[in-house]
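Below you'll find the structure, written out as structure tokens, and then a few comments.
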Amino acid sequence: MTSICSPRWCVPASGQDTDPPEMFEVCVRARPLPMRARPLLMRAIKKPAQAKVMTKHLKAASLILLAVVAAGSSISVRAHSDRSQAPRAVDRGQAPTSTPPPQVKTIMLDVPSIAERVNEVVVNVRSSSEGGENLGSGFIIDQRGLIATNFHLISNAEPRRGSGQRGPETKGPPKLVNSVTVTLHDGRQFPASIKGYDEATDIALLEIAPNGAQLPVADLGDSDALRVGEWVIAIGNPLGLDHTVTLGIVSAKGRTGFGGQFDDFLQTDAAINPGNSGGPLLNAMGKIVGINTLVLERTQGLSFAIPINTLKSILSQLVDRGRVTRGFLGVDTQDIDADIRGVLKLGSDARGVRVVRAERDTPAARAGLRKDDLITSIDGQSVTSSVQFNRIIAGKLPGTKVAIRILRDGREYTLNAEIGEESKK
């Protein structure tokens, strides 16, 4: 089997634990060249001096190569270990030994097989209300009939400007749709009830009664282990086109700025359109690492997904209580950059988040937090960004006492606070 490898396509194989890190290539494994084409290709390679002949042969060879790849090929990820490339001490009187070739592992990125397997857990979600219908996707996470999807598919909120999908968070209980219908991959339809939802993360749980039938269940991966550049696969029902499969890479992680306090999106260039919302984003191993949720209007290659670890962190609360209880401190924070370092007279090694505002009559105000304090740690856990800080506080149970380490006017202090409960006014 011929392997055509591109050194420009270096991506990690998702889910692989490597120590030290490994370098990966993506290879196209093509069928063998037809016998009649091989002399033509060899002449193109062996006679570089004959410019005119070379041009003809290269054009012909390129067409043959493209035809071979198009005729039947698959993509694989090859891992090159750097273990053998570590520097070693060599005696001056001893001739250096040759370095053994790097170890190579091949992991097939078999998109057709992944799509066939995962399509069984992907469902079509259709919700109805007085204002019309919402169409999206979801995936089965439990044989009892639990389905993960997006909150905005069961909400009557208007889409957020510029996002094309998600609506703004509301004050008080949100208005929900009147009915939800789920269609399985085999065409069976079920009415669905809303098991729980979390507007802050745009996640909802639906439940159907499979009438004793065994349902396939999604294999959830680890979104924290994703690396920028990894291949990802999106499956969903864009514009009502059931079980559409698209391929792309992770373009970035930790994207914020869409108006949500807990925004922490994966960015991908896999094609996402209205109707993909709630569908799975898969890694190269076929495990679900994200929930497709946002696509920016009038752009190409700018799609966003909720990390699957966000769902994992709130799943038990949604199943047991139907809602999520989060810790509350009552402080607005900001990541520090060069300008803020200058204003606060911080050194280049300072880490933390700046307090922009501490609301009155909140745990933050009662603890003594002030504007321009630099929060550096919570209970000994270093704070590196506002997203991480919000996660730490949200993960604390109301009533929990925490030690907040701050930097104020060049001096360090420890403030004690009691976490409150987040509530909608």
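Each chain of the structure tokens is named A, B, ... in the order shown, its residues numbered from 1; ligands are numbered from 1 in display order.
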
### Message
From a backbone DSSP assignment, name each residue in region 324-379 of chain A labelled helix (DSSP H, G or I), as JSON, numbers by chain.
### Response
{"A": [338, 339, 340, 341, 342, 343, 344, 363, 364, 365, 366, 367]}

### Message
Residues of region 227-396 of chain A classed as strand (DSSP E) by DSSP on the backbone are to be reported as a ChimeraX atom specification.
### Response
/A:231-236,244-255,265-268,280-282,288-295,303-307,327-328,331-335,353-358,374-378,381-382

### Query
To one decimal place, how far is CA of Pro174 (chain A) from CA of Leu153 (chain A) in Å?
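Distance between the two atoms: 12.3 Å.
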
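Once region 177-184 of chain A and its same-chain neighbours fewer than 4 positions away are set aside, Glu120, Val121, Val122, Val123, Asn124, Val125, Arg126, Ser127, Ser128, Ser129, Glu130, Ile154, Ser155, Asn156, Arg188, Gln189, Phe190, Pro191, Ala192, Ser193 and Ile208 of chain A remain within 8 Å of it when counting only C-alpha atoms.
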
### Task
For Leu282 (chain A), please output as a PyMOL selection string all residues within 10 Å (counting only C-alpha atoms; exclusion window: fewer than 5 positions along the same chain).
chain A and resi 14+114-115+118+219-221+223+231-235+247+287-291+308

What would the file look like if the residues just selected were written as a PDB file, in the first residue's frame with C-alpha atoms?
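New file selection-v2.pdb:
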ATOM      1  CA  SER A  14      -6.898  12.341  20.188  1.00  0.00           C
ATOM      2  CA  ILE A 114     -16.850   6.709  12.772  1.00  0.00           C
ATOM      3  CA  ALA A 115     -19.854   8.274  11.047  1.00  0.00           C
ATOM      4  CA  VAL A 118     -21.961   7.463  15.839  1.00  0.00           C
ATOM      5  CA  ASP A 219     -19.123   7.516  24.011  1.00  0.00           C
ATOM      6  CA  LEU A 220     -18.094  10.738  25.766  1.00  0.00           C
ATOM      7  CA  GLY A 221     -14.461  11.824  25.475  1.00  0.00           C
ATOM      8  CA  SER A 223     -12.440  17.856  25.861  1.00  0.00           C
ATOM      9  CA  TRP A 231      -9.128  16.570  13.526  1.00  0.00           C
ATOM     10  CA  VAL A 232     -12.787  16.773  14.551  1.00  0.00           C
ATOM     11  CA  ILE A 233     -15.986  15.504  12.943  1.00  0.00           C
ATOM     12  CA  ALA A 234     -19.395  17.179  13.229  1.00  0.00           C
ATOM     13  CA  ILE A 235     -22.647  15.265  12.764  1.00  0.00           C
ATOM     14  CA  LEU A 247     -14.718  17.332   8.868  1.00  0.00           C
ATOM     15  CA  LYS A 287     -15.588  10.051  21.009  1.00  0.00           C
ATOM     16  CA  ILE A 288     -17.819  13.060  21.599  1.00  0.00           C
ATOM     17  CA  VAL A 289     -15.745  16.040  22.743  1.00  0.00           C
ATOM     18  CA  GLY A 290     -18.185  18.878  22.133  1.00  0.00           C
ATOM     19  CA  ILE A 291     -21.782  19.971  21.555  1.00  0.00           C
ATOM     20  CA  ILE A 308     -18.181  17.938  26.580  1.00  0.00           C
TER      21      ILE A 308
END

### Message
List as JSON, numbers by chain the protein and nucleic acid residues near Pro216 (chain A), meaning an atom at most 12 Å away when only C-alpha atoms are counted, but skip any in the same chain fewer than 2 places from it.
### Response
{"A": [117, 118, 119, 120, 121, 122, 123, 139, 140, 141, 142, 143, 144, 145, 146, 147, 184, 185, 186, 210, 213, 214, 218, 219]}
